[in-house]
Structures are given as C-alpha cells and as structure tokens.
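Undergrad: Structure supplied as query.csv; contents: CSV, C-alpha atoms.
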```
chain,number,residue,atom,x,y,z
A,1,VAL,CA,89.3,115.8,83.7
A,2,GLU,CA,90.2,113.5,80.9
A,3,ASP,CA,93.9,113.3,82.1
A,4,LYS,CA,92.8,112.4,85.6
A,5,LEU,CA,90.4,109.8,84.4
A,6,ARG,CA,93.1,108.3,82.2
A,7,ASN,CA,95.5,108.2,85.2
A,8,LEU,CA,92.8,106.5,87.4
A,9,SER,CA,92.3,103.9,84.7
A,10,ARG,CA,96.1,103.3,84.6
A,11,MET,CA,96.2,103.0,88.4
A,12,LEU,CA,93.4,100.4,88.4
A,13,ALA,CA,95.0,98.5,85.6
A,14,CYS,CA,98.2,98.3,87.6
A,15,LEU,CA,96.4,97.1,90.7
A,16,ASP,CA,94.6,94.5,88.6
A,17,ARG,CA,98.0,93.0,87.5
A,18,ILE,CA,98.9,92.6,91.1
A,19,GLY,CA,95.9,91.6,93.2
A,20,LYS,CA,92.3,90.3,92.8
A,21,ASP,CA,90.8,92.5,95.5
A,22,LEU,CA,90.5,96.3,95.6
A,23,TYR,CA,90.6,97.9,99.0
A,24,LEU,CA,89.1,101.4,99.0
A,25,GLU,CA,89.4,103.7,102.0
A,26,ALA,CA,88.0,107.2,102.4
A,27,ALA,CA,89.2,109.1,105.5
A,28,ASN,CA,90.9,112.3,106.5
A,29,GLY,CA,90.0,114.1,103.3
A,30,GLN,CA,91.5,111.7,100.9
A,31,VAL,CA,90.9,108.3,99.2
A,32,SER,CA,93.3,105.4,99.1
A,33,LEU,CA,93.3,102.4,96.7
A,34,ARG,CA,95.2,99.3,97.7
A,35,THR,CA,95.8,95.7,96.8
A,36,LEU,CA,97.8,92.7,97.9
A,37,ASN,CA,98.9,89.8,95.7
A,38,ALA,CA,97.9,86.2,96.4
A,39,ALA,CA,101.3,85.3,97.7
A,40,GLN,CA,101.2,88.3,100.1
A,41,SER,CA,104.6,89.3,98.7
A,42,ALA,CA,103.6,92.6,97.0
A,43,PHE,CA,101.5,95.5,98.4
A,44,VAL,CA,100.6,98.6,96.4
A,45,LYS,CA,98.7,101.7,97.5
A,46,PHE,CA,97.6,104.9,95.9
A,47,HIS,CA,96.7,108.0,97.8
A,48,LEU,CA,94.3,110.4,95.9
A,49,ARG,CA,94.2,113.8,97.4
A,50,PRO,CA,91.0,116.0,97.2
A,51,ASP,CA,92.5,118.0,94.3
A,52,PHE,CA,92.6,114.8,92.2
A,53,PHE,CA,88.8,115.1,92.0
A,54,THR,CA,86.7,117.9,90.5
A,55,GLU,CA,84.5,117.6,93.6
A,56,PHE,CA,85.2,115.6,96.7
A,57,VAL,CA,82.5,115.3,99.5
A,58,LEU,CA,83.0,113.3,102.7
A,59,GLU,CA,80.7,113.8,105.6
A,60,PRO,CA,82.4,115.3,108.7
A,61,ASP,CA,84.1,112.6,110.9
A,62,ALA,CA,83.0,110.0,108.4
A,63,SER,CA,85.3,107.2,107.2
A,64,LEU,CA,84.9,104.1,105.0
A,65,SER,CA,86.9,101.0,104.4
A,66,ILE,CA,85.6,98.5,101.8
A,67,ARG,CA,86.7,95.7,99.6
A,68,LEU,CA,85.5,95.2,96.0
A,69,TYR,CA,86.4,92.6,93.3
A,70,MET,CA,88.9,94.0,91.0
A,71,LYS,CA,87.3,92.3,88.0
A,72,ASN,CA,84.1,94.3,88.6
A,73,VAL,CA,85.7,97.7,88.9
A,74,VAL,CA,88.5,97.7,86.3
A,75,PRO,CA,86.3,97.2,83.2
A,76,ILE,CA,84.2,100.3,84.1
A,77,PHE,CA,87.3,102.5,83.9
A,78,LYS,CA,89.1,100.7,81.2
A,79,SER,CA,88.0,103.0,78.4
A,80,VAL,CA,87.7,106.7,79.2
A,81,GLN,CA,87.8,108.1,75.7
A,82,GLY,CA,84.9,110.4,75.1
A,83,VAL,CA,83.9,110.4,78.8
A,84,SER,CA,83.4,113.9,80.1
A,85,LYS,CA,82.4,113.2,83.7
A,86,VAL,CA,82.4,110.3,86.2
A,87,TRP,CA,80.5,110.3,89.5
A,88,VAL,CA,81.4,107.8,92.3
A,89,GLN,CA,78.9,107.5,95.2
A,90,ILE,CA,79.1,105.2,98.1
A,91,ALA,CA,76.1,104.3,100.2
A,92,SER,CA,76.7,102.4,103.4
A,93,GLY,CA,74.0,101.8,106.0
A,94,ALA,CA,71.5,99.4,107.5
A,95,ASP,CA,69.3,99.5,104.4
A,96,GLU,CA,71.7,99.4,101.5
A,97,ASN,CA,75.4,99.0,100.7
A,98,TYR,CA,76.6,99.8,97.2
A,99,LEU,CA,79.2,101.7,95.2
A,100,ARG,CA,77.6,103.5,92.3
A,101,VAL,CA,79.6,104.7,89.3
A,102,GLN,CA,77.9,106.9,86.7
A,103,LYS,CA,79.7,107.9,83.4
A,104,GLU,CA,78.6,110.7,81.1
A,105,SER,CA,79.9,110.8,77.6
A,106,THR,CA,80.5,113.9,75.5
A,107,ASN,CA,77.4,112.9,73.4
A,108,GLY,CA,75.2,113.0,76.5
A,109,LEU,CA,74.9,109.3,77.0
A,110,ARG,CA,75.0,108.1,80.6
A,111,LYS,CA,75.8,104.7,82.0
A,112,LYS,CA,75.3,103.5,85.6
A,113,PHE,CA,77.0,100.7,87.5
A,114,ASP,CA,76.0,99.5,91.0
A,115,LEU,CA,78.7,97.3,92.7
A,116,ALA,CA,78.3,95.4,95.9
A,117,PHE,CA,81.1,95.6,98.5
A,118,GLU,CA,82.2,94.3,101.8
A,119,GLU,CA,83.2,96.5,104.7
A,120,VAL,CA,86.6,95.4,106.0
A,121,ALA,CA,89.5,96.5,108.1
A,122,MET,CA,92.0,98.3,105.9
A,123,ILE,CA,95.1,96.3,104.9
A,124,ASN,CA,98.4,98.0,105.4
A,125,ALA,CA,102.2,97.3,105.3
A,126,VAL,CA,104.5,98.4,108.1
A,127,TYR,CA,107.8,99.8,106.8
A,128,SER,CA,110.3,102.6,107.2
A,129,HIS,CA,112.2,104.6,104.6
A,130,ASP,CA,114.8,105.3,107.2
A,131,ALA,CA,115.8,101.6,107.4
A,132,CYS,CA,116.9,101.6,103.8
A,133,PRO,CA,120.5,103.0,103.2
A,134,LEU,CA,120.4,102.4,99.5
A,135,SER,CA,118.3,104.5,97.2
A,136,VAL,CA,118.0,104.4,93.3
A,137,THR,CA,115.9,106.7,91.2
A,138,ALA,CA,115.7,106.1,87.5
A,139,ASP,CA,113.6,106.5,84.4
A,140,PRO,CA,111.4,103.3,84.1
A,141,ILE,CA,112.4,102.9,80.5
A,142,THR,CA,116.0,102.3,81.7
A,143,PHE,CA,114.8,99.2,83.7
A,144,LEU,CA,112.3,98.1,81.0
A,145,ALA,CA,115.0,98.1,78.3
A,146,CYS,CA,117.2,95.9,80.5
A,147,LEU,CA,114.4,93.5,81.4
A,148,SER,CA,113.4,93.1,77.7
A,149,ASN,CA,116.6,90.9,77.4
A,150,PHE,CA,115.4,88.4,80.0
A,151,PRO,CA,113.4,85.2,79.3
A,152,PRO,CA,109.6,86.1,79.1
A,153,SER,CA,108.8,83.3,81.5
A,154,LEU,CA,111.2,84.6,84.2
A,155,ALA,CA,109.4,84.8,87.6
A,156,GLU,CA,112.1,86.5,89.7
A,157,VAL,CA,115.0,88.8,89.1
A,158,THR,CA,118.0,89.7,91.2
A,159,LEU,CA,119.1,93.3,91.6
A,160,VAL,CA,122.7,93.9,92.7
A,161,ALA,CA,123.6,97.4,94.0
A,162,GLY,CA,127.4,97.8,93.7
A,163,ALA,CA,129.6,100.8,94.4
A,164,ASP,CA,129.0,102.4,91.0
A,165,THR,CA,126.9,99.9,89.0
A,166,LEU,CA,123.5,98.5,89.3
A,167,THR,CA,123.1,95.0,87.9
A,168,LEU,CA,120.0,93.0,87.0
A,169,ARG,CA,120.4,89.2,86.6
A,170,ASN,CA,118.6,85.9,86.8
A,171,ASP,CA,120.1,82.9,88.6
A,172,PRO,CA,118.1,79.6,88.2
A,173,GLU,CA,120.7,77.8,90.4
A,174,SER,CA,120.3,79.9,93.4
A,175,LEU,CA,116.5,79.9,93.3
A,176,GLY,CA,116.4,76.1,93.4
A,177,LEU,CA,114.5,75.6,90.2
A,178,ASP,CA,115.5,72.1,89.4
A,179,ASP,CA,113.9,72.1,85.9
A,180,GLN,CA,116.0,75.1,84.9
A,181,LYS,CA,119.3,74.1,86.3
A,182,GLY,CA,121.9,73.7,83.5
A,183,VAL,CA,119.4,74.8,80.8
A,184,GLY,CA,118.1,78.1,81.9
A,185,ILE,CA,119.2,81.2,80.1
A,186,ARG,CA,121.4,83.4,82.3
A,187,THR,CA,121.4,87.1,81.7
A,188,ASN,CA,123.3,89.9,83.3
A,189,MET,CA,122.5,93.6,82.5
A,190,SER,CA,124.5,96.3,84.1
A,191,ILE,CA,123.6,100.0,84.4
A,192,ALA,CA,126.3,102.6,85.3
A,193,ALA,CA,125.4,104.9,88.1
A,194,ALA,CA,125.9,107.8,85.8
A,195,LYS,CA,123.0,106.6,83.7
A,196,LEU,CA,120.6,106.8,86.6
A,197,HIS,CA,118.8,109.9,87.9
A,198,SER,CA,120.2,109.3,91.3
A,199,TYR,CA,122.2,106.5,93.0
A,200,ASP,CA,122.9,106.6,96.7
A,201,VAL,CA,124.5,103.5,98.2
A,202,GLY,CA,125.1,105.1,101.6
A,203,THR,CA,128.3,104.8,103.6
A,204,GLY,CA,130.9,102.1,102.9
A,205,ALA,CA,129.9,100.4,106.2
A,206,HIS,CA,126.5,99.5,104.6
A,207,LEU,CA,127.8,98.2,101.3
A,208,PRO,CA,129.5,94.8,101.1
A,209,ARG,CA,132.4,94.3,98.7
A,210,ASP,CA,130.2,92.4,96.2
A,211,GLY,CA,127.3,94.8,96.7
A,212,VAL,CA,123.8,94.2,98.0
A,213,ALA,CA,121.8,91.6,96.1
A,214,VAL,CA,118.0,91.3,96.5
A,215,THR,CA,115.7,88.9,94.6
A,216,PHE,CA,112.1,89.7,94.1
A,217,SER,CA,109.0,89.0,91.9
A,218,LEU,CA,109.3,90.3,88.3
A,219,ARG,CA,105.6,90.5,87.6
A,220,GLU,CA,104.8,93.2,90.1
A,221,PHE,CA,108.0,95.1,89.4
A,222,LYS,CA,107.1,95.3,85.7
A,223,ALA,CA,103.6,96.4,86.5
A,224,LEU,CA,104.9,99.4,88.5
A,225,LEU,CA,107.5,100.2,85.8
A,226,ASN,CA,104.9,100.3,83.1
A,227,LEU,CA,102.7,102.5,85.3
A,228,ALA,CA,105.6,104.9,85.9
A,229,LYS,CA,106.2,105.0,82.1
A,230,GLU,CA,102.5,105.7,81.3
A,231,LEU,CA,102.4,108.4,84.0
A,232,GLU,CA,105.7,109.8,82.8
A,233,HIS,CA,107.1,109.5,86.3
A,234,ARG,CA,110.4,108.3,87.6
A,235,ILE,CA,110.6,105.2,89.9
A,236,ARG,CA,112.5,105.2,93.2
A,237,LEU,CA,113.8,102.0,94.9
A,238,ARG,CA,114.8,101.9,98.5
A,239,ILE,CA,116.8,98.9,99.5
A,240,GLU,CA,117.9,97.6,102.9
A,241,ALA,CA,119.2,94.1,102.5
A,242,ALA,CA,118.5,90.6,101.2
A,243,GLY,CA,115.4,89.2,102.9
A,244,GLN,CA,114.1,92.7,103.7
A,245,PRO,CA,111.4,94.3,101.5
A,246,ILE,CA,112.1,96.7,98.7
A,247,LEU,CA,110.2,100.0,98.9
A,248,LEU,CA,109.1,101.5,95.6
A,249,SER,CA,107.6,104.9,94.9
A,250,LEU,CA,106.9,107.0,91.9
A,251,GLU,CA,108.1,110.6,91.5
A,252,ALA,CA,107.0,113.3,89.1
A,253,ARG,CA,109.7,114.7,86.8
A,254,ASP,CA,108.7,118.2,87.7
A,255,ALA,CA,109.3,118.4,91.5
A,256,GLN,CA,107.9,122.0,91.5
A,257,LEU,CA,104.3,120.7,90.9
A,258,PRO,CA,102.5,119.4,94.0
A,259,PRO,CA,101.3,115.9,93.3
A,260,SER,CA,97.5,115.2,93.4
A,261,PHE,CA,98.3,111.5,94.1
A,262,THR,CA,101.1,109.4,95.5
A,263,VAL,CA,102.1,105.8,94.8
A,264,GLU,CA,104.0,103.4,97.1
A,265,SER,CA,104.7,99.7,97.0
A,266,VAL,CA,106.4,97.1,99.1
A,267,LEU,CA,107.9,94.0,97.4
A,268,ALA,CA,109.1,91.1,99.5
A,269,THR,CA,112.6,89.7,98.7
A,270,VAL,CA,113.8,86.2,98.8
A,271,VAL,CA,115.5,85.0,101.9
A,272,GLU,CA,118.7,83.1,101.1
A,273,THR,CA,118.6,79.5,102.5
A,274,VAL,CA,121.7,77.7,103.8
A,275,ASN,CA,122.4,74.2,102.5
A,276,LEU,CA,123.1,72.3,105.7
A,277,ASP,CA,124.8,69.4,103.8
A,278,GLU,CA,127.3,71.8,102.3
A,279,GLU,CA,128.0,73.4,105.7
A,280,MET,CA,128.6,70.0,107.3
A,281,ASP,CA,131.1,69.2,104.6
```
Any chance you could give the structure as structure tokens?
TA:
Amino acid sequence: VEDKLRNLSRMLACLDRIGKDLYLEAANGQVSLRTLNAAQSAFVKFHLRPDFFTEFVLEPDASLSIRLYMKNVVPIFKSVQGVSKVWVQIASGADENYLRVQKESTNGLRKKFDLAFEEVAMINAVYSHDACPLSVTADPITFLACLSNFPPSLAEVTLVAGADTLTLRNDPESLGLDDQKGVGIRTNMSIAAAKLHSYDVGTGAHLPRDGVAVTFSLREFKALLNLAKELEHRIRLRIEAAGQPILLSLEARDAQLPPSFTVESVLATVVETVNLDEEMD
C-alpha cells in the first residue's frame, strides 16, 4: 500500500509541474489522471487499473469526468510517510458534489479533506504510435546526465536522431531569441546508440542525412524524466518529424510484471519558420 501511495504522490507531483488543473475520469473499470499545460503544448495522462487500488468500486454503467485545482489536491498526497490507508470517495448528484479524501495514519489518526470540483468533458490528445518511425528507449538518468550540462534557464532543447547517435543541443539563433544571440551558451551532448536500451530509426527512407531534429519544451520533458527515475522505469520516445508531436511513455524494467498503471505524454515540437527575406535573396 505504501509503495502505491508513494507512486500516486509522484504522479501528482509530476502533473503539478506541467498543468494547473487535474482532470480525473472514472470509467470502464479504471481511473485516469490528466493535465494540459497553459501553452497547450504538453499533455500527460496516467491510467490506473483496478489492481492499483486495494479496493475499487464503481457503480455499474457509471462514469465520471471532473476537474479539480491541482494546488488543492497535491498537498494532500505530498507526504505519505506513516499513512496506512487512504480512501477517496466522489459524490456527484443534485444535492452535493465533492471529492472526499480520508487519510489514516499508523498511529490511528485520521484526516478528512473535502474538495469541490467541476464536471467537464474529458480532455484528450489525438495521436498514433504508428505514425512515428523513430523510437528511442533509455534510462532516464542517461538523459538527465546530459541535460545537467545545459544552462538552468534553458526553455527548449533540440533532439537530433542520427543514424547511430542521439544528440541533445540548444540553439538560441534558430529559436529567434534576440537577447541570447551571440551570448547564449551553446551545448551539444551526444549519446551513442549502444548506450541506449533501444534505438530504432526505421528505414533509410525515413531518416535524412543530417538526422531528424525536433525542438520541444524542456520543463515538461524533465518532469517526465524525473518521474521515470523515481519510479525506476525507462522512458520511451516516439518521433515522427519536426513540427509533429513527440510521444513519450514509461516502461517498467521488468516486462514480465503486468503494470498496474500506464503513463503517456504528448509534447508539441517547434515548427521551423522560413525567413522570407533570405529566400528572396
């Protein structure tokens, strides 16, 4: 129980680093937790299967889709040390609407929290794994070690998938950041394919000579990497092309154990703009 509570706390902390609203859905025998960042460039969802919970009760044919403020939910689950049991109940009807969380500690102390919510249509992202010819699976520490060499204030990072090397770099010039041009610190970190758990760049027809380069937000990427590290999972990136979203998921190291939850995310990538003045010249 303590491990699952700790994992739930880590999931909520990850969602809190990305979005301000928590979308909770209960349907078809499972629970999903989702969020979307303010720029609508990062979407994350967790699916919690019934075996994630000690007991899971959902009325037949019932479904629920609600929105809560992340700042109200995350503190409740921030510390789970000494907590032996947590109940989460949702009441939705004409008379009352609330989500109730009760925590029981090993010393017998109980705490109760009632949170207001809003019933909403569930947010979702439309994507297909089949559209992504490039796939990279790695230990999150591999990426975090590389990113530790970049400027702390860096907002976006470029990932280049080559024939046998994966490169992370920053490029202030290409992002049009006038205040960083000529003074920004440029960093290139390369990872050999052999250092990755798996590296599939598809057929030669899909891979340009210079590789496929995609630029995306670093904040959300780091949040997912840190979550993967805490859960002791690997992270998998599926890449289509520049301007197309990157699909990220977490994979357990022991593939023989059926997962009680899944994690998937969609990160938008920067669309390269063409300088018309240069083209006219």
Undergrad: Could you pull the residues within 12 Å of Ala91 of chain A, counting all atoms listed in the file, minus those fewer than 6 positions along the same chain, as a list in words?
TA: Leu58, Glu59, Ser63, Leu64, Ile66, Asn97, Tyr98, Leu99, Arg100, Val101, Asp114, Leu115, Ala116, Phe117, Glu118 and Glu119 of chain A
Undergrad: Quick one: of A:Ile246, A:Val201, A:Ala155, A:Cys14, who's nearest to Leu227 of chain A, counting all atoms listed in the file?
TA: A:Cys14
Undergrad: Pick out the residues sitting within 8 Å of Ser198 of chain A, and hand them over as a compact mmCIF listing (two decimals) with C-alpha atoms, in the frame of the given file; count only C-alpha atoms, and ignore anything fewer than 3 positions along from it in its own chain.
TA:
```txt
# COMPACT_ATOMS: atom_id res chain seq x y z
CA SER A 135 118.30 104.50 97.20
CA VAL A 136 118.00 104.40 93.30
CA THR A 137 115.90 106.70 91.20
CA ALA A 138 115.70 106.10 87.50
CA ALA A 193 125.40 104.90 88.10
```
Undergrad: Taking only C-alpha atoms into account, which of A:Glu232, A:Asp130, A:Glu96, A:Asp61 comes nearest Arg253 of chain A?
TA: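 Of all the options, A:Glu232 lies closest to Arg253 of chain A.
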Undergrad: Could you tell me how far atom CA of Leu218 of chain A lies from atom CA of Gly202 of chain A, in Å and to one decimal?
TA: 25.4 Å
Undergrad: Suppose you want the space between atom CA of Ala13 of chain A and atom CA of Pro140 of chain A; what is it in Å?
TA: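 Taking atom CA of Ala13 of chain A and atom CA of Pro140 of chain A, their separation equals 17.2 Å.
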Undergrad: So the first atom is atom CA of Leu36 of chain A and the second is atom CA of Leu166 of chain A; what is the distance between them in Å, to one decimal place?
TA: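 Those two atoms sit 27.7 Å apart.
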Undergrad: With distances taken over only C-alpha atoms, which residue among A:Glu220, A:Met189, A:Asp254, A:Ala62 lies nearest Thr35 of chain A?
TA: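 Ranking A:Glu220, A:Met189, A:Asp254, A:Ala62 by distance to Thr35 of chain A, first place goes to A:Glu220.
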